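Structure first, commentary second.
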Amino acid sequence: MMYSEKVMDHFTNPRNVGEIEDASGIGEVGNAKCGDIMKIFLKIEDGIITDAKFNTFGCGAAIATSSMATELIKGKPIEEALKLSNKAVVEALDGLPPVKLHCSVLAEEGVKMALQDYYNKRGEEMPEEYRPRCDGDCSGCGV
Amino acid sequence: MNVYADNAATTRVSEAALEAMLPCFVENYGNPSSPHHIGQKAAQILLAARQTMAEHLGAEASEILFTSGGSEADNQAIITAAVIGARKGKKHIISTKIEHHAVLHALNKLEKEGYEITLLDVYEDGIVRLSDLEAAIRPDTALVTIMYANNEIGTIQPIKEIGALCREKGVIFHTDAVQAAGHLPINVKEQNIDMLSLSAHKFHGPKGAGVFFCRKGIPITSIIEGGAQERGKRAGTENLPAIVGMAAAFKAACEQMPDAAARVQAMRDKLIDGILQLPEVILNGDREKRLPGNVNVSVKGIEGESLLLMLDQAGICASSGSACTSGSLDPSHVLLAIGLTHEVAHGSLRLSLSEYNNDAEIDYILSTLPPIVERLRSMSPVWKKMKEGK
Ligand SMILES: Cc1ncc(COP(=O)(O)O)c(C=O)c1O
């Protein structure tokens with residue numbers, strides 16, 4: 001197919017599939033209408049992402065980007081997770097076909113949405129520049 | 001095990017077709033327009049192929065135009081009828097919501113040029129209603145174009161009755177028979193068909209050859225200008241090897257049809273019954289009025305492309321109408337037309353069989369699919385919501 005070996009690896013053997021019972025933050029992005037929904041669960045302790053899991057309904061790229069995004073932030077401090085970009089996810093996967101780039105945006109947004117939830121739960125302000133933009137309308141994000 | 005279950009996309013070339021084609025590359029390689037003996041031999045072979053196609057369609061050889069395939073035939077049929085209509089001030093065309101893009105996009109283009117297009121609904125079973133067609137036909141209707149059988153959900157339209165209605169109303173009737181040819185009986189006279197398209201690679205012929213049948217008396221508009229091939233209605237040196245392969249494949253398919261269809265249909269039914277054992281799986285399209293080799297289901301809670309990738313890793317080639325396989329955000333127009341939600345349409349899986357499949361392959365699909373479905377559902381938030389009854 002048009003996918004890199006890395007993408008196929010993360011699709012076939014996705015890392016971090018599942019849910020976290022007592023998650024510190026949960027984010028859900030996308031909608032079933034467009035064919036992709038990602039739900040990201042984060043466990044955060046002392047400012048460190050100690051665990052990250054996901055559930056995804058979507059194509060091969062959606063599953064692979066969820067897997068890679070959760071891998072990239074696990075064990076990292078929040079400050080680093082906030083800076084996770086879709087580009088970093090794409091690079092870590094050795095690229096994605098242009099029509100699948102929106103899946104990487106979804107992964108970035110999913111992580112940000114979960115972090116937003118974490119800040120909300122603690123009654124803290126999430127840094128403005130890192131706030132999620134996903135409004136559930138896939139045609140709106142222009143990727 | 002490797003299983004090819006994507007015969008609606010294309011088929012493998014049959015031995016009969018291949019054998020018929022080979023001499024056209026090295027012996028009978030002449031140009032049918034050349035007056036010398038090698039050219040004339042090619043002309044003879046071309047004529048024989050035309051006669052074979054005509055015979056098995058219930059047509060006359062002079063009514064058969066060779067094209068590069070189904071898309072070209074569809075375009076030429078629609079343009080031909082549009083030109084005839086325009087001369088009489090008729091610029092209304094009726095079709096359905098589930099046509100192939102070769103038809104729908106040709107109609108879109110005409111719409112931009114001032115034609116009015118009516119696309120009939122097909123209901124949940126994927127079948128048009130004659131009463132809807134009758135109500136849609138107007139004094140200025142130039143053409144009714146309705147496919148014989150659908151490429152995604154396999155549903156079969158009442159072609160003969162549609163043709164009779166069009167005759168009665170004096171409207172030209174074209175049918176895209178690309179999926180039907182070689183799999184369902186065709187007789188253009190008995191079925192009241194004025195124009196028909198077919199494509200060799202859907203019935204074990206080669207790619208790049210097709211037929212535009214146009215009933216005599218209907219003036220054809222050429223869409224490729226150049227030499228005088230095909231009575232001046234389709235320029236370009238004939239693709240003789242492919243045309244010969246098509247004729248051999250079509251003859252074999254028509255002669256073996258009752259037996260082959262029964263065998264393929266038995267595999268289809270076993271596959272449908274087996275897949276429907278899975279929870280929350282629905283069959284798309286009417287169960288009875290359906291191509292002998294077509295299975296199309298929606299597996300709720302999962303997305304088609306990831307399902308296809310996993311099946312492919314297990315050696316099974318299939319297809320889906322999900323957006324991810326269409327390159328847009330929208331799933332197949334056919335699945336939406338039969339009333340599926342986007343979500344359910346994204347989870348569609350098409351398995352299309354041919355006489356080259358066998359029972360062991362059906363068993364393999366039936367044992368491979370359930371664990372894949374379970375795996376994908378276990379990581380799907382949509383499935384979890386469904387299970388929680390939300
Ligand atoms: C119903 C239908 N019409 C037209 C076509 C186009 O035929 P071809 O690929 O020969 O141009 C196809 C093939 O996908 C088809 O299934």
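Each chain of the structure tokens is named A, B, ... in the order shown, its residues numbered from 1; ligands are numbered from 1 in display order.
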
Check: Residues of region 40-139 of chain A in alpha helix (DSSP H) according to DSSP, as an MDAnalysis selection string?
Finding: chainID A and resid 60:73 78:82 86:92 101:122

Next item on the list: Find the spatial neighbours of Thr67 (chain B), counting only C-alpha atoms, within a cut-off of 6 Å - ignore same-chain residues fewer than 3 positions away - and output them as a PyMOL selection string.
Entry: chain B and resi 209-211

Once you have the residues from the selection above, write them out as an mmCIF file, in the first residue's frame, restricted to all heavy atoms.
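Result went into part_8.cif, see below:
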data_model
loop_
_atom_site.group_PDB
_atom_site.id
_atom_site.type_symbol
_atom_site.label_atom_id
_atom_site.label_comp_id
_atom_site.auth_asym_id
_atom_site.auth_seq_id
_atom_site.Cartn_x
_atom_site.Cartn_y
_atom_site.Cartn_z
ATOM 1 N N ALA B 209 -10.567 -2.842 -23.019
ATOM 2 C CA ALA B 209 -11.468 -3.119 -24.145
ATOM 3 C C ALA B 209 -12.893 -3.119 -23.627
ATOM 4 O O ALA B 209 -13.163 -3.597 -22.524
ATOM 5 C CB ALA B 209 -11.147 -4.455 -24.804
ATOM 6 N N GLY B 210 -13.787 -2.577 -24.424
ATOM 7 C CA GLY B 210 -15.191 -2.552 -24.039
ATOM 8 C C GLY B 210 -16.061 -2.435 -25.262
ATOM 9 O O GLY B 210 -15.562 -2.372 -26.395
ATOM 10 N N VAL B 211 -17.364 -2.424 -25.031
ATOM 11 C CA VAL B 211 -18.320 -2.298 -26.132
ATOM 12 C C VAL B 211 -19.313 -1.200 -25.806
ATOM 13 O O VAL B 211 -19.775 -1.077 -24.676
ATOM 14 C CB VAL B 211 -19.085 -3.623 -26.357
ATOM 15 C CG1 VAL B 211 -20.361 -3.407 -27.173
ATOM 16 C CG2 VAL B 211 -18.192 -4.643 -27.051
#

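The residues of chain A lying at most 7 Å from chain B, with only C-alpha atoms taken into account, are Val17, Gly18, Ala32, Lys33, Cys34, Gly35, Lys39, Asn55, Thr56, Phe57, Gly58, Cys59, Gly60 and Val99 of chain A.
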
Item checked: Residues near Pro32 (chain B), cut-off 7 Å, only C-alpha atoms, skip fewer than 3 positions along chain, as a PyMOL selection string -> chain B and resi 39-40+42-43

Item checked: Selection near Leu120 (chain B), 8 Å with only C-alpha atoms, sequence-local residues under 4 positions removed, as number ranges by chain -> B: 94-97, 128, 132-133

For the selection just defined, write its residues with N, CA and C atoms to a file, as a CSV table (one decimal), in the first residue's frame.
chain,number,residue,atom,x,y,z
B,94,ILE,N,-32.6,11.4,-17.1
B,94,ILE,CA,-32.9,10.7,-15.8
B,94,ILE,C,-31.9,9.6,-15.6
B,95,SER,N,-31.4,9.5,-14.4
B,95,SER,CA,-30.5,8.4,-14.0
B,95,SER,C,-30.8,8.0,-12.5
B,96,THR,N,-29.8,7.4,-11.9
B,96,THR,CA,-30.1,7.0,-10.5
B,96,THR,C,-28.9,7.6,-9.6
B,97,LYS,N,-29.1,7.5,-8.3
B,97,LYS,CA,-28.1,8.0,-7.4
B,97,LYS,C,-27.0,7.0,-7.2
B,128,VAL,N,-34.4,0.7,-8.0
B,128,VAL,CA,-35.3,1.8,-8.4
B,128,VAL,C,-36.7,1.3,-8.6
B,132,ASP,N,-41.5,5.6,-9.8
B,132,ASP,CA,-40.7,6.8,-9.7
B,132,ASP,C,-40.2,7.2,-11.1
B,133,LEU,N,-39.8,6.2,-11.9
B,133,LEU,CA,-39.3,6.5,-13.2
B,133,LEU,C,-40.4,7.1,-14.1

Next item on the list: Give the residue list for ligand 1 at 9 Å, counting only C-alpha atoms and all ligand atoms, as a PyMOL selection string, sorted by chain and then by residue number.
Entry: chain B and resi 8-10+68-74+99-103+147-152+176-180+197-202+207-210

Next item on the list: Would you kindly return, as number ranges by chain, each protein, DNA or RNA residue with an atom no farther than 9 Å from any atom of Ala62 (chain A), considering only C-alpha atoms and excluding same-chain residues fewer than 3 positions away?
Entry: A: 11, 36-38, 56-59, 65-67, 100, 102-104, 106-107; B: 306

Prev. selection, C-alpha atoms, output as a JSON list (two decimals), in the first residue's frame:
[["chain", "number", "residue", "atom", "x", "y", "z"],
["A", 11, "PHE", "CA", -1.02, -0.27, 12.65],
["A", 36, "ASP", "CA", -12.09, 8.86, 12.39],
["A", 37, "ILE", "CA", -12.57, 9.16, 16.16],
["A", 38, "MET", "CA", -9.70, 9.15, 18.63],
["A", 56, "THR", "CA", -9.45, 4.71, 17.84],
["A", 57, "PHE", "CA", -12.09, 4.14, 15.19],
["A", 58, "GLY", "CA", -10.49, 4.89, 11.88],
["A", 59, "CYS", "CA", -8.24, 3.96, 9.01],
["A", 65, "THR", "CA", -0.81, 8.03, 14.52],
["A", 66, "SER", "CA", -2.64, 7.33, 17.80],
["A", 67, "SER", "CA", -0.09, 4.68, 18.61],
["A", 100, "LYS", "CA", -3.82, 10.95, 5.47],
["A", 102, "HIS", "CA", -5.41, 14.89, 8.78],
["A", 103, "CYS", "CA", -4.99, 11.75, 10.89],
["A", 104, "SER", "CA", -1.79, 13.18, 12.37],
["A", 106, "LEU", "CA", -6.23, 14.37, 14.91],
["A", 107, "ALA", "CA", -3.55, 12.69, 17.03],
["B", 306, "SER", "CA", -8.28, -0.75, 8.62]]

Note to self: Report as a ChimeraX atom specification all protein, DNA and RNA residues lying within 10 Å of region 238-240 of chain B, evaluated on only C-alpha atoms, omitting residues in the same chain fewer than 3 positions from it.
What the structure shows: /B:21,24-25,28-33,42-43,45-46,49,66-68,208-209,229-230,234-235,243-246

Selection from above, C-alpha atoms, as a compact mmCIF listing (two decimals), in the first residue's frame, can you write it?
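To be explicit, this is the file written out as again-v8.txt:
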# COMPACT_ATOMS: atom_id res chain seq x y z
CA MET B 21 -5.05 -13.05 -27.61
CA CYS B 24 -2.59 -11.22 -32.15
CA PHE B 25 0.76 -10.04 -30.82
CA ASN B 28 -1.93 -11.44 -36.56
CA TYR B 29 -0.45 -8.12 -35.63
CA GLY B 30 -1.70 -6.24 -38.67
CA ASN B 31 -3.67 -3.02 -38.71
CA PRO B 32 -7.24 -3.87 -39.73
CA SER B 33 -7.30 -0.73 -41.90
CA ALA B 42 -6.55 -8.64 -38.75
CA ALA B 43 -9.73 -7.14 -40.24
CA ILE B 45 -10.39 -11.36 -36.86
CA LEU B 46 -11.87 -8.05 -35.79
CA ALA B 49 -14.93 -10.68 -32.61
CA PHE B 66 -15.43 -1.24 -29.72
CA THR B 67 -14.14 1.18 -27.08
CA SER B 68 -11.36 1.32 -24.52
CA GLY B 208 -8.72 -1.67 -21.95
CA ALA B 209 -11.47 -3.12 -24.14
CA GLN B 229 -12.16 3.16 -37.65
CA GLU B 230 -15.45 1.89 -36.21
CA ARG B 234 -14.48 6.00 -32.79
CA ALA B 235 -11.06 6.88 -34.18
CA ILE B 243 -10.87 -7.06 -28.43
CA VAL B 244 -10.20 -10.67 -29.38
CA GLY B 245 -9.62 -11.55 -25.73
CA MET B 246 -12.86 -9.84 -24.81

Checklist line | For Gly89 (chain B), the nearest of the candidates B:Pro139, B:Leu335, B:Lys112, B:Gln157, counting only C-alpha atoms | finding: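 Once distances to Gly89 (chain B) are computed over only C-alpha atoms, the minimum belongs to B:Pro139.
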
Next item on the list: Just the residues within 12 Å of Lys74 (chain A), please, counting only C-alpha atoms, with nothing from its chain fewer than 6 positions along; format it as JSON, numbers by chain.
Entry: {"A": [15, 16, 41, 42, 43, 44, 45, 47, 48, 49, 50, 51, 52, 53, 67, 68, 80, 81, 84, 111]}

Note to self: Among region 209-365 of chain B, which ones does DSSP assign to strand (DSSP E or B) (computed from the backbone)? Answer as a list in words.
What the structure shows: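 Here are the strand (DSSP E or B) residues of region 209-365 of chain B: Gly210, Val211, Phe212, Phe213, Cys214, Val281, Ile282, Leu283, Arg290, Asn294, Val295, Asn296, Val297, Ser298, Val299, Ile316, Cys317, Ser319, Ser348, Leu349, Arg350, Leu351 and Ser352 of chain B.
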
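Comparing B:Lys91, B:Lys270, B:Arg263, B:His183 by their smallest distance to Tyr356 (chain B), the closest is B:Arg263 (using only C-alpha atoms).
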